[in-house]
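The file data.cif comes next; it holds mmCIF, C-alpha atoms; chains and numbers go by the auth columns.
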```cif
data_target
#
loop_
_atom_site.group_PDB
_atom_site.id
_atom_site.type_symbol
_atom_site.label_atom_id
_atom_site.label_comp_id
_atom_site.label_asym_id
_atom_site.label_seq_id
_atom_site.Cartn_x
_atom_site.Cartn_y
_atom_site.Cartn_z
_atom_site.B_iso_or_equiv
_atom_site.auth_seq_id
_atom_site.auth_asym_id
ATOM 1 C CA MET A 1 0.000 0.000 0.000 0.00 1 A
ATOM 2 C CA SER A 2 1.014 3.596 -0.569 0.00 2 A
ATOM 3 C CA ALA A 3 0.280 6.413 1.904 0.00 3 A
ATOM 4 C CA SER A 4 -3.206 6.442 3.413 0.00 4 A
ATOM 5 C CA PRO A 5 -5.848 7.755 1.015 0.00 5 A
ATOM 6 C CA ILE A 6 -7.863 9.094 3.941 0.00 6 A
ATOM 7 C CA ALA A 7 -8.001 12.795 4.818 0.00 7 A
ATOM 8 C CA ALA A 8 -7.394 13.668 8.483 0.00 8 A
ATOM 9 C CA THR A 9 -10.571 15.665 8.977 0.00 9 A
ATOM 10 C CA PRO A 10 -11.745 17.093 12.305 0.00 10 A
ATOM 11 C CA GLU A 11 -14.907 16.099 14.139 0.00 11 A
ATOM 12 C CA PRO A 12 -18.104 16.826 12.161 0.00 12 A
ATOM 13 C CA PRO A 13 -19.873 18.963 11.177 0.00 13 A
ATOM 14 C CA TYR A 14 -17.962 20.117 8.103 0.00 14 A
ATOM 15 C CA TYR A 15 -18.608 20.100 4.356 0.00 15 A
ATOM 16 C CA ALA A 16 -17.726 17.695 1.552 0.00 16 A
ATOM 17 C CA VAL A 17 -17.586 18.370 -2.181 0.00 17 A
ATOM 18 C CA ILE A 18 -18.070 15.051 -3.969 0.00 18 A
ATOM 19 C CA PHE A 19 -16.774 15.287 -7.541 0.00 19 A
ATOM 20 C CA THR A 20 -17.444 12.163 -9.597 0.00 20 A
ATOM 21 C CA ASN A 21 -16.232 12.230 -13.173 0.00 21 A
ATOM 22 C CA ALA A 22 -15.363 10.402 -16.358 0.00 22 A
ATOM 23 C CA ARG A 23 -12.283 11.568 -18.261 0.00 23 A
ATOM 24 C CA THR A 24 -12.148 12.066 -21.989 0.00 24 A
ATOM 25 C CA ASP A 25 -9.456 10.133 -23.842 0.00 25 A
ATOM 26 C CA GLY A 26 -5.956 11.597 -23.901 0.00 26 A
ATOM 27 C CA GLU A 27 -3.859 13.328 -21.287 0.00 27 A
ATOM 28 C CA ARG A 28 -3.840 16.883 -22.709 0.00 28 A
ATOM 29 C CA GLY A 29 -2.283 18.456 -19.621 0.00 29 A
ATOM 30 C CA TYR A 30 -4.804 17.011 -17.180 0.00 30 A
ATOM 31 C CA GLY A 31 -2.401 15.456 -14.685 0.00 31 A
ATOM 32 C CA ALA A 32 -0.325 18.587 -14.205 0.00 32 A
ATOM 33 C CA MET A 33 -3.425 20.746 -13.730 0.00 33 A
ATOM 34 C CA ALA A 34 -5.022 18.274 -11.321 0.00 34 A
ATOM 35 C CA GLU A 35 -1.892 18.247 -9.188 0.00 35 A
ATOM 36 C CA LYS A 36 -1.681 22.046 -9.287 0.00 36 A
ATOM 37 C CA MET A 37 -5.323 22.390 -8.215 0.00 37 A
ATOM 38 C CA VAL A 38 -4.867 20.040 -5.253 0.00 38 A
ATOM 39 C CA GLN A 39 -1.867 22.084 -4.107 0.00 39 A
ATOM 40 C CA LEU A 40 -3.747 25.351 -4.597 0.00 40 A
ATOM 41 C CA ALA A 41 -6.872 24.080 -2.828 0.00 41 A
ATOM 42 C CA ALA A 42 -4.758 23.066 0.157 0.00 42 A
ATOM 43 C CA GLN A 43 -3.657 26.698 0.539 0.00 43 A
ATOM 44 C CA GLN A 44 -7.209 28.068 0.676 0.00 44 A
ATOM 45 C CA PRO A 45 -8.899 29.211 3.907 0.00 45 A
ATOM 46 C CA GLY A 46 -11.177 26.525 5.294 0.00 46 A
ATOM 47 C CA PHE A 47 -9.594 23.596 3.422 0.00 47 A
ATOM 48 C CA LEU A 48 -9.620 20.444 5.577 0.00 48 A
ATOM 49 C CA GLY A 49 -8.342 17.727 3.245 0.00 49 A
ATOM 50 C CA VAL A 50 -8.891 15.838 0.001 0.00 50 A
ATOM 51 C CA GLU A 51 -9.300 12.219 -1.077 0.00 51 A
ATOM 52 C CA SER A 52 -8.960 11.219 -4.722 0.00 52 A
ATOM 53 C CA VAL A 53 -9.049 7.945 -6.633 0.00 53 A
ATOM 54 C CA ARG A 54 -9.014 7.224 -10.366 0.00 54 A
ATOM 55 C CA GLY A 55 -9.725 3.820 -11.841 0.00 55 A
ATOM 56 C CA ALA A 56 -8.194 2.189 -14.884 0.00 56 A
ATOM 57 C CA ASP A 57 -11.400 2.852 -16.861 0.00 57 A
ATOM 58 C CA GLY A 58 -11.057 6.644 -16.502 0.00 58 A
ATOM 59 C CA ALA A 59 -13.672 7.054 -13.764 0.00 59 A
ATOM 60 C CA GLY A 60 -12.648 9.216 -10.826 0.00 60 A
ATOM 61 C CA ILE A 61 -13.995 10.366 -7.485 0.00 61 A
ATOM 62 C CA THR A 62 -12.429 13.300 -5.634 0.00 62 A
ATOM 63 C CA VAL A 63 -13.859 14.386 -2.287 0.00 63 A
ATOM 64 C CA SER A 64 -12.590 17.637 -0.793 0.00 64 A
ATOM 65 C CA TYR A 65 -13.476 18.729 2.731 0.00 65 A
ATOM 66 C CA TRP A 66 -14.080 22.299 3.905 0.00 66 A
ATOM 67 C CA ASP A 67 -15.020 24.004 7.138 0.00 67 A
ATOM 68 C CA SER A 68 -17.888 26.047 5.668 0.00 68 A
ATOM 69 C CA GLU A 69 -20.011 26.641 2.596 0.00 69 A
ATOM 70 C CA LEU A 70 -18.343 30.041 2.243 0.00 70 A
ATOM 71 C CA ALA A 71 -14.938 28.374 1.884 0.00 71 A
ATOM 72 C CA ILE A 72 -16.347 26.177 -0.914 0.00 72 A
ATOM 73 C CA THR A 73 -17.852 29.176 -2.698 0.00 73 A
ATOM 74 C CA LYS A 74 -14.604 31.138 -2.492 0.00 74 A
ATOM 75 C CA TRP A 75 -12.588 28.221 -3.860 0.00 75 A
ATOM 76 C CA LYS A 76 -15.064 27.811 -6.718 0.00 76 A
ATOM 77 C CA GLN A 77 -14.563 31.494 -7.554 0.00 77 A
ATOM 78 C CA HIS A 78 -10.739 31.440 -7.305 0.00 78 A
ATOM 79 C CA ALA A 79 -9.331 32.799 -10.578 0.00 79 A
ATOM 80 C CA GLU A 80 -6.927 29.927 -11.327 0.00 80 A
ATOM 81 C CA HIS A 81 -9.554 27.389 -10.347 0.00 81 A
ATOM 82 C CA GLN A 82 -12.022 29.050 -12.709 0.00 82 A
ATOM 83 C CA VAL A 83 -9.604 28.477 -15.594 0.00 83 A
ATOM 84 C CA ALA A 84 -9.240 24.815 -14.588 0.00 84 A
ATOM 85 C CA GLN A 85 -13.027 24.424 -14.324 0.00 85 A
ATOM 86 C CA ARG A 86 -13.490 25.812 -17.845 0.00 86 A
ATOM 87 C CA LEU A 87 -10.853 23.483 -19.295 0.00 87 A
ATOM 88 C CA GLY A 88 -12.405 20.610 -17.388 0.00 88 A
ATOM 89 C CA ARG A 89 -15.809 21.230 -18.947 0.00 89 A
ATOM 90 C CA GLU A 90 -14.403 21.804 -22.431 0.00 90 A
ATOM 91 C CA ILE A 91 -11.563 19.274 -22.653 0.00 91 A
ATOM 92 C CA TRP A 92 -10.894 16.859 -19.802 0.00 92 A
ATOM 93 C CA TYR A 93 -14.260 15.549 -18.627 0.00 93 A
ATOM 94 C CA ALA A 94 -16.740 13.528 -20.634 0.00 94 A
ATOM 95 C CA ASP A 95 -19.142 13.671 -17.713 0.00 95 A
ATOM 96 C CA PHE A 96 -19.195 14.791 -14.112 0.00 96 A
ATOM 97 C CA ALA A 97 -21.435 15.364 -11.124 0.00 97 A
ATOM 98 C CA LEU A 98 -20.567 17.717 -8.285 0.00 98 A
ATOM 99 C CA ARG A 99 -22.410 17.450 -4.986 0.00 99 A
ATOM 100 C CA VAL A 100 -22.031 19.657 -1.929 0.00 100 A
ATOM 101 C CA ALA A 101 -22.900 17.886 1.315 0.00 101 A
ATOM 102 C CA LYS A 102 -22.759 18.562 5.036 0.00 102 A
ATOM 103 C CA VAL A 103 -20.916 15.784 6.877 0.00 103 A
ATOM 104 C CA GLU A 104 -22.893 14.971 9.995 0.00 104 A
ATOM 105 C CA ARG A 105 -20.993 11.981 11.404 0.00 105 A
ATOM 106 C CA ALA A 106 -17.856 10.009 10.684 0.00 106 A
ATOM 107 C CA SER A 107 -16.092 6.844 11.808 0.00 107 A
ATOM 108 C CA ARG A 108 -12.652 5.442 11.155 0.00 108 A
ATOM 109 C CA LEU A 109 -10.999 2.024 11.243 0.00 109 A
ATOM 110 C CA VAL A 110 -8.222 2.512 13.760 0.00 110 A
ATOM 111 C CA ASN A 111 -6.260 -0.661 13.069 0.00 111 A
ATOM 112 C CA ALA A 112 -6.523 -3.949 11.225 0.00 112 A
ATOM 113 C CA GLN A 113 -7.901 -5.796 14.259 0.00 113 A
ATOM 114 C CA GLY A 114 -11.430 -4.568 13.799 0.00 114 A
ATOM 115 C CA ALA A 115 -11.601 -1.543 16.089 0.00 115 A
ATOM 116 C CA THR A 116 -13.488 1.498 14.898 0.00 116 A
ATOM 117 C CA ALA A 117 -13.598 4.995 16.350 0.00 117 A
ATOM 118 C CA MET B 1 -14.932 5.027 -21.662 0.00 1 B
ATOM 119 C CA SER B 2 -17.119 2.457 -19.999 0.00 2 B
ATOM 120 C CA ALA B 3 -20.616 3.208 -18.700 0.00 3 B
ATOM 121 C CA SER B 4 -21.013 6.464 -16.790 0.00 4 B
ATOM 122 C CA PRO B 5 -19.674 6.269 -13.239 0.00 5 B
ATOM 123 C CA ILE B 6 -22.259 8.805 -12.103 0.00 6 B
ATOM 124 C CA ALA B 7 -25.364 7.823 -10.130 0.00 7 B
ATOM 125 C CA ALA B 8 -28.663 9.229 -11.411 0.00 8 B
ATOM 126 C CA THR B 9 -29.747 10.809 -8.141 0.00 9 B
ATOM 127 C CA PRO B 10 -32.851 12.988 -7.699 0.00 10 B
ATOM 128 C CA GLU B 11 -32.861 16.646 -6.729 0.00 11 B
ATOM 129 C CA PRO B 12 -31.315 17.302 -3.288 0.00 12 B
ATOM 130 C CA PRO B 13 -31.729 16.999 -0.406 0.00 13 B
ATOM 131 C CA TYR B 14 -30.686 13.376 0.084 0.00 14 B
ATOM 132 C CA TYR B 15 -27.904 11.572 1.936 0.00 15 B
ATOM 133 C CA ALA B 16 -24.460 10.341 0.924 0.00 16 B
ATOM 134 C CA VAL B 17 -22.296 7.724 2.629 0.00 17 B
ATOM 135 C CA ILE B 18 -18.681 8.412 1.661 0.00 18 B
ATOM 136 C CA PHE B 19 -16.560 5.305 2.222 0.00 19 B
ATOM 137 C CA THR B 20 -12.847 5.882 1.596 0.00 20 B
ATOM 138 C CA ASN B 21 -10.592 2.896 2.112 0.00 21 B
ATOM 139 C CA ALA B 22 -7.273 1.189 1.600 0.00 22 B
ATOM 140 C CA ARG B 23 -7.293 -2.524 0.810 0.00 23 B
ATOM 141 C CA THR B 24 -5.028 -5.062 2.406 0.00 24 B
ATOM 142 C CA ASP B 25 -2.935 -7.158 0.032 0.00 25 B
ATOM 143 C CA GLY B 26 -4.561 -10.190 -1.565 0.00 26 B
ATOM 144 C CA GLU B 27 -8.009 -10.774 -3.004 0.00 27 B
ATOM 145 C CA ARG B 28 -9.416 -13.183 -0.372 0.00 28 B
ATOM 146 C CA GLY B 29 -12.971 -13.068 -1.680 0.00 29 B
ATOM 147 C CA TYR B 30 -13.232 -9.289 -1.665 0.00 30 B
ATOM 148 C CA GLY B 31 -14.413 -8.740 -5.233 0.00 31 B
ATOM 149 C CA ALA B 32 -17.273 -11.205 -5.023 0.00 32 B
ATOM 150 C CA MET B 33 -18.476 -9.766 -1.704 0.00 33 B
ATOM 151 C CA ALA B 34 -18.194 -6.182 -2.945 0.00 34 B
ATOM 152 C CA GLU B 35 -20.294 -7.008 -5.980 0.00 35 B
ATOM 153 C CA LYS B 36 -22.847 -8.859 -3.839 0.00 36 B
ATOM 154 C CA MET B 37 -23.125 -5.909 -1.432 0.00 37 B
ATOM 155 C CA VAL B 38 -23.720 -3.427 -4.275 0.00 38 B
ATOM 156 C CA GLN B 39 -26.496 -5.662 -5.613 0.00 39 B
ATOM 157 C CA LEU B 40 -28.007 -6.096 -2.154 0.00 40 B
ATOM 158 C CA ALA B 41 -27.784 -2.365 -1.349 0.00 41 B
ATOM 159 C CA ALA B 42 -29.617 -1.575 -4.566 0.00 42 B
ATOM 160 C CA GLN B 43 -32.572 -3.664 -3.326 0.00 43 B
ATOM 161 C CA GLN B 44 -32.912 -1.777 -0.047 0.00 44 B
ATOM 162 C CA PRO B 45 -35.649 0.807 0.637 0.00 45 B
ATOM 163 C CA GLY B 46 -34.364 4.332 0.128 0.00 46 B
ATOM 164 C CA PHE B 47 -31.359 3.408 -2.027 0.00 47 B
ATOM 165 C CA LEU B 48 -30.749 6.066 -4.699 0.00 48 B
ATOM 166 C CA GLY B 49 -27.498 5.003 -6.345 0.00 49 B
ATOM 167 C CA VAL B 50 -23.819 4.237 -5.877 0.00 50 B
ATOM 168 C CA GLU B 51 -20.525 5.427 -7.344 0.00 51 B
ATOM 169 C CA SER B 52 -17.336 3.446 -6.806 0.00 52 B
ATOM 170 C CA VAL B 53 -13.746 3.777 -7.989 0.00 53 B
ATOM 171 C CA ARG B 54 -10.611 1.837 -7.055 0.00 54 B
ATOM 172 C CA GLY B 55 -7.113 2.896 -8.032 0.00 55 B
ATOM 173 C CA ALA B 56 -4.152 0.743 -8.952 0.00 56 B
ATOM 174 C CA ASP B 57 -2.577 1.447 -5.532 0.00 57 B
ATOM 175 C CA GLY B 58 -5.470 -0.180 -3.649 0.00 58 B
ATOM 176 C CA ALA B 59 -7.181 3.044 -2.572 0.00 59 B
ATOM 177 C CA GLY B 60 -10.929 3.161 -3.104 0.00 60 B
ATOM 178 C CA ILE B 61 -13.812 5.572 -2.730 0.00 61 B
ATOM 179 C CA THR B 62 -17.416 4.363 -2.764 0.00 62 B
ATOM 180 C CA VAL B 63 -20.243 6.851 -2.358 0.00 63 B
ATOM 181 C CA SER B 64 -23.748 5.486 -1.880 0.00 64 B
ATOM 182 C CA TYR B 65 -26.813 7.713 -1.917 0.00 65 B
ATOM 183 C CA TRP B 66 -29.939 7.295 0.196 0.00 66 B
ATOM 184 C CA ASP B 67 -33.214 9.124 0.670 0.00 67 B
ATOM 185 C CA SER B 68 -33.000 9.291 4.467 0.00 68 B
ATOM 186 C CA GLU B 69 -30.804 8.643 7.488 0.00 69 B
ATOM 187 C CA LEU B 70 -33.173 5.844 8.453 0.00 70 B
ATOM 188 C CA ALA B 71 -32.455 4.043 5.177 0.00 71 B
ATOM 189 C CA ILE B 72 -28.709 4.270 5.926 0.00 72 B
ATOM 190 C CA THR B 73 -29.192 2.924 9.446 0.00 73 B
ATOM 191 C CA LYS B 74 -31.301 0.019 8.224 0.00 74 B
ATOM 192 C CA TRP B 75 -28.741 -0.904 5.565 0.00 75 B
ATOM 193 C CA LYS B 76 -25.970 -0.771 8.147 0.00 76 B
ATOM 194 C CA GLN B 77 -27.975 -3.194 10.302 0.00 77 B
ATOM 195 C CA HIS B 78 -28.839 -5.609 7.465 0.00 78 B
ATOM 196 C CA ALA B 79 -27.710 -9.093 8.495 0.00 79 B
ATOM 197 C CA GLU B 80 -25.721 -9.953 5.362 0.00 80 B
ATOM 198 C CA HIS B 81 -24.184 -6.483 5.340 0.00 81 B
ATOM 199 C CA GLN B 82 -23.146 -6.944 8.981 0.00 82 B
ATOM 200 C CA VAL B 83 -21.199 -10.045 7.975 0.00 83 B
ATOM 201 C CA ALA B 84 -19.491 -8.107 5.174 0.00 84 B
ATOM 202 C CA GLN B 85 -18.670 -5.229 7.530 0.00 85 B
ATOM 203 C CA ARG B 86 -17.026 -7.596 10.000 0.00 86 B
ATOM 204 C CA LEU B 87 -14.935 -9.272 7.287 0.00 87 B
ATOM 205 C CA GLY B 88 -14.036 -5.830 5.972 0.00 88 B
ATOM 206 C CA ARG B 89 -12.684 -4.729 9.331 0.00 89 B
ATOM 207 C CA GLU B 90 -10.894 -8.014 9.955 0.00 90 B
ATOM 208 C CA ILE B 91 -9.563 -8.975 6.530 0.00 91 B
ATOM 209 C CA TRP B 92 -10.087 -6.680 3.563 0.00 92 B
ATOM 210 C CA TYR B 93 -9.376 -3.137 4.739 0.00 93 B
ATOM 211 C CA ALA B 94 -6.086 -1.788 6.036 0.00 94 B
ATOM 212 C CA ASP B 95 -7.783 1.525 6.742 0.00 95 B
ATOM 213 C CA PHE B 96 -11.093 3.237 6.098 0.00 96 B
ATOM 214 C CA ALA B 97 -13.160 6.298 6.912 0.00 97 B
ATOM 215 C CA LEU B 98 -16.931 6.386 6.646 0.00 98 B
ATOM 216 C CA ARG B 99 -18.738 9.710 6.560 0.00 99 B
ATOM 217 C CA VAL B 100 -22.479 10.325 6.455 0.00 100 B
ATOM 218 C CA ALA B 101 -23.412 13.614 4.797 0.00 101 B
ATOM 219 C CA LYS B 102 -26.533 15.450 3.711 0.00 102 B
ATOM 220 C CA VAL B 103 -26.328 16.500 0.051 0.00 103 B
ATOM 221 C CA GLU B 104 -27.617 20.051 -0.192 0.00 104 B
ATOM 222 C CA ARG B 105 -26.948 20.891 -3.852 0.00 105 B
ATOM 223 C CA ALA B 106 -25.707 19.180 -6.990 0.00 106 B
ATOM 224 C CA SER B 107 -24.711 20.023 -10.551 0.00 107 B
ATOM 225 C CA ARG B 108 -23.965 17.895 -13.576 0.00 108 B
ATOM 226 C CA LEU B 109 -22.055 18.321 -16.819 0.00 109 B
ATOM 227 C CA VAL B 110 -24.709 17.705 -19.441 0.00 110 B
ATOM 228 C CA ASN B 111 -22.452 17.328 -22.474 0.00 111 B
ATOM 229 C CA ALA B 112 -18.864 17.857 -23.561 0.00 112 B
ATOM 230 C CA GLN B 113 -19.563 21.398 -24.805 0.00 113 B
ATOM 231 C CA GLY B 114 -19.388 22.962 -21.387 0.00 114 B
ATOM 232 C CA ALA B 115 -23.033 23.150 -20.329 0.00 115 B
ATOM 233 C CA THR B 116 -23.878 22.389 -16.734 0.00 116 B
ATOM 234 C CA ALA B 117 -27.251 21.829 -15.131 0.00 117 B
#
```
Take the structure in the file and give it back as structure tokens.
Amino acid sequence: MSASPIAATPEPPYYAVIFTNARTDGERGYGAMAEKMVQLAAQQPGFLGVESVRGADGAGITVSYWDSELAITKWKQHAEHQVAQRLGREIWYADFALRVAKVERASRLVNAQGATA
Amino acid sequence: MSASPIAATPEPPYYAVIFTNARTDGERGYGAMAEKMVQLAAQQPGFLGVESVRGADGAGITVSYWDSELAITKWKQHAEHQVAQRLGREIWYADFALRVAKVERASRLVNAQGATA
């Protein structure tokens, strides 16, 4: 296994942005922009963490966590992120859904012996 | 691309269960149980859809959608699902986080020309 895919979020409540997507064919600069956006998001006020997985078939789910709806709105409006969003709609994504949700409770597997917190 | 990875959910509000995990090494019956649980979940009252992606490094995100917190609680308590949960904690998962969230708003890319709904 590589590093844990799980974001170290605080106790709820907080917000999640669930971004499920299908990539178009071809790289076309996607990987570099995706990495840049994760780094930029992590610098924004209210950012709590991000989890991201892409499958071999091109399907991906990225969940970012934020301390408020205002933080999500401000990140959506960030100038560099706006450019990435436009390119995403026009070039990189064949399909996507974006859902904003309020996390109400959370649990975590603490170890491999079956304990949960 | 394969079939769309995106669940056809209704207008918000509804609930999401965000299950982020890291697999242990080895198959050990995981794939068959995962498929069985998706099929069984889809038969439960209040189930709205599921999205699931696993990366080459063993990290996975599965988001299931439900019409109420009660539906989530009942699915958690389902006898066959309880068996799967126990095996998950003991055998299949090196780490996981499970978050229950209320989806408040959603948008969708309608086509590859940049329109969103």
Residue with smallest distance to chain B - pool A:Arg28, A:Arg86, A:Lys36, A:Arg99, counting all atoms listed in the file: A:Arg99
Separation of atom CA of B:Gly49 from atom CA of A:Tyr93 in Å: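 Distance reported for this atom pair: 20.9 Å.
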For the contact check between chain A and chain B, emit one row per residue of chain A within 9 Å, containing the shortest atom pair and the distance in Å rounded to one decimal, counting only C-alpha atoms, chain then rising number order, as a tab-separated table.
```
residue	atom	partner	partner_atom	distance
A:Met1	CA	B:Asp57	CA	6.3
A:Ser2	CA	B:Asp57	CA	6.5
A:Ser4	CA	B:Ala22	CA	6.9
A:Pro5	CA	B:Ala59	CA	6.1
A:Ile6	CA	B:Thr20	CA	6.4
A:Ala7	CA	B:Ala97	CA	8.6
A:Tyr15	CA	B:Ala101	CA	8.1
A:Ala16	CA	B:Ala101	CA	7.7
A:Ile18	CA	B:Val63	CA	8.6
A:Thr20	CA	B:Ile6	CA	6.4
A:Asn21	CA	B:Pro5	CA	6.9
A:Ala22	CA	B:Pro5	CA	6.7
A:Arg23	CA	B:Met1	CA	7.8
A:Thr24	CA	B:Met1	CA	7.6
A:Asp25	CA	B:Met1	CA	7.8
A:Glu51	CA	B:Thr20	CA	7.7
A:Ser52	CA	B:Ile61	CA	7.7
A:Val53	CA	B:Gly55	CA	5.6
A:Arg54	CA	B:Gly55	CA	5.3
A:Gly55	CA	B:Gly55	CA	4.7
A:Ala56	CA	B:Gly55	CA	7.0
A:Asp57	CA	B:Met1	CA	6.3
A:Gly58	CA	B:Met1	CA	6.7
A:Ala59	CA	B:Pro5	CA	6.1
A:Gly60	CA	B:Val53	CA	6.2
A:Ile61	CA	B:Val53	CA	6.6
A:Thr62	CA	B:Ile61	CA	8.4
A:Val63	CA	B:Ile18	CA	8.6
A:Arg86	CA	B:Gly114	CA	7.4
A:Leu87	CA	B:Gly114	CA	8.8
A:Gly88	CA	B:Gly114	CA	8.4
A:Arg89	CA	B:Gly114	CA	4.7
A:Glu90	CA	B:Gly114	CA	5.2
A:Ile91	CA	B:Ala112	CA	7.5
A:Trp92	CA	B:Ala112	CA	8.9
A:Tyr93	CA	B:Ala112	CA	7.1
A:Ala94	CA	B:Ala112	CA	5.6
A:Asp95	CA	B:Leu109	CA	5.6
A:Phe96	CA	B:Leu109	CA	5.3
A:Ala97	CA	B:Arg108	CA	4.3
A:Leu98	CA	B:Ser107	CA	5.3
A:Arg99	CA	B:Ala106	CA	4.2
A:Val100	CA	B:Arg105	CA	5.4
A:Ala101	CA	B:Val103	CA	3.9
A:Lys102	CA	B:Ala101	CA	5.0
A:Val103	CA	B:Ala101	CA	3.9
A:Glu104	CA	B:Ala101	CA	5.4
A:Arg105	CA	B:Val100	CA	5.4
A:Ala106	CA	B:Arg99	CA	4.2
A:Ser107	CA	B:Leu98	CA	5.2
A:Arg108	CA	B:Ala97	CA	4.4
A:Leu109	CA	B:Phe96	CA	5.3
A:Val110	CA	B:Asp95	CA	7.1
A:Asn111	CA	B:Asp95	CA	6.9
A:Ala112	CA	B:Ala94	CA	5.6
A:Gln113	CA	B:Glu90	CA	5.7
A:Gly114	CA	B:Arg89	CA	4.6
A:Ala115	CA	B:Arg89	CA	7.5
A:Thr116	CA	B:Arg89	CA	8.4
```
Kindly provide, as AutoDock Vina command-line options, the centre and edge lengths (Å, one decimal) of an axis-aligned box around all atoms of stretch 86-99 of chain B given in the file, with 8 Å on each side.
```
--center_x -12.4 --center_y 0.2 --center_z 6.8 --size_x 28.7 --size_y 35.0 --size_z 22.4
```
Distance in Å - atom CA of A:Ala71 versus atom CA of A:Gly46: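 These two atoms are separated by 5.4 Å.
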Leaving out B:Ala84 and any residue of its chain fewer than 6 positions from it, which residues lie within 9 Å of it when counting all atoms listed in the file, given as a PDB file with C-alpha atoms, in the frame of the given file?
```
ATOM      1  CA  MET B  33     -18.476  -9.766  -1.704  1.00  0.00           C
ATOM      2  CA  ALA B  34     -18.194  -6.182  -2.945  1.00  0.00           C
ATOM      3  CA  MET B  37     -23.125  -5.909  -1.432  1.00  0.00           C
TER       4      MET B  37
END
```
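What separates atom CA of B:His78 from atom CA of B:Glu27 is a distance of 23.9 Å.
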Residue with smallest distance to A:Ala41 - pool A:Pro10, A:Glu69, A:Gly26, A:Glu80, counting all atoms listed in the file: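 Nearest to A:Ala41: A:Glu80.
Restricting the calculation to all atoms listed in the file, the smallest distance between B:Ala79 and any of B:Trp66, B:Leu40, B:Gly29, B:Glu35 is found for B:Leu40.
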Any chance you could build stretch 38-49 of chain A out to N, CA and C atoms and write it as an mmCIF file, in the coordinates of the input?
```cif
data_model
loop_
_atom_site.group_PDB
_atom_site.id
_atom_site.type_symbol
_atom_site.label_atom_id
_atom_site.label_comp_id
_atom_site.auth_asym_id
_atom_site.auth_seq_id
_atom_site.Cartn_x
_atom_site.Cartn_y
_atom_site.Cartn_z
ATOM 1 N N VAL A 38 -4.893 20.601 -6.608
ATOM 2 C CA VAL A 38 -4.867 20.040 -5.253
ATOM 3 C C VAL A 38 -3.963 20.875 -4.360
ATOM 4 N N GLN A 39 -2.803 21.255 -4.890
ATOM 5 C CA GLN A 39 -1.867 22.084 -4.107
ATOM 6 C C GLN A 39 -2.473 23.450 -3.794
ATOM 7 N N LEU A 40 -3.150 24.027 -4.787
ATOM 8 C CA LEU A 40 -3.747 25.351 -4.597
ATOM 9 C C LEU A 40 -4.929 25.273 -3.613
ATOM 10 N N ALA A 41 -5.743 24.249 -3.750
ATOM 11 C CA ALA A 41 -6.872 24.080 -2.828
ATOM 12 C C ALA A 41 -6.381 23.988 -1.383
ATOM 13 N N ALA A 42 -5.283 23.272 -1.197
ATOM 14 C CA ALA A 42 -4.758 23.066 0.157
ATOM 15 C C ALA A 42 -4.296 24.364 0.818
ATOM 16 N N GLN A 43 -4.076 25.392 0.009
ATOM 17 C CA GLN A 43 -3.657 26.698 0.539
ATOM 18 C C GLN A 43 -4.838 27.613 0.859
ATOM 19 N N GLN A 44 -6.054 27.183 0.514
ATOM 20 C CA GLN A 44 -7.209 28.068 0.676
ATOM 21 C C GLN A 44 -7.728 28.043 2.113
ATOM 22 N N PRO A 45 -8.281 29.171 2.570
ATOM 23 C CA PRO A 45 -8.899 29.211 3.907
ATOM 24 C C PRO A 45 -10.043 28.196 3.994
ATOM 25 N N GLY A 46 -10.079 27.461 5.071
ATOM 26 C CA GLY A 46 -11.177 26.525 5.294
ATOM 27 C C GLY A 46 -10.972 25.142 4.719
ATOM 28 N N PHE A 47 -9.872 24.929 3.981
ATOM 29 C CA PHE A 47 -9.594 23.596 3.422
ATOM 30 C C PHE A 47 -9.252 22.617 4.544
ATOM 31 N N LEU A 48 -9.876 21.442 4.528
ATOM 32 C CA LEU A 48 -9.620 20.444 5.577
ATOM 33 C C LEU A 48 -8.899 19.196 5.075
ATOM 34 N N GLY A 49 -8.989 18.928 3.765
ATOM 35 C CA GLY A 49 -8.342 17.727 3.245
ATOM 36 C C GLY A 49 -8.982 17.295 1.945
#
```
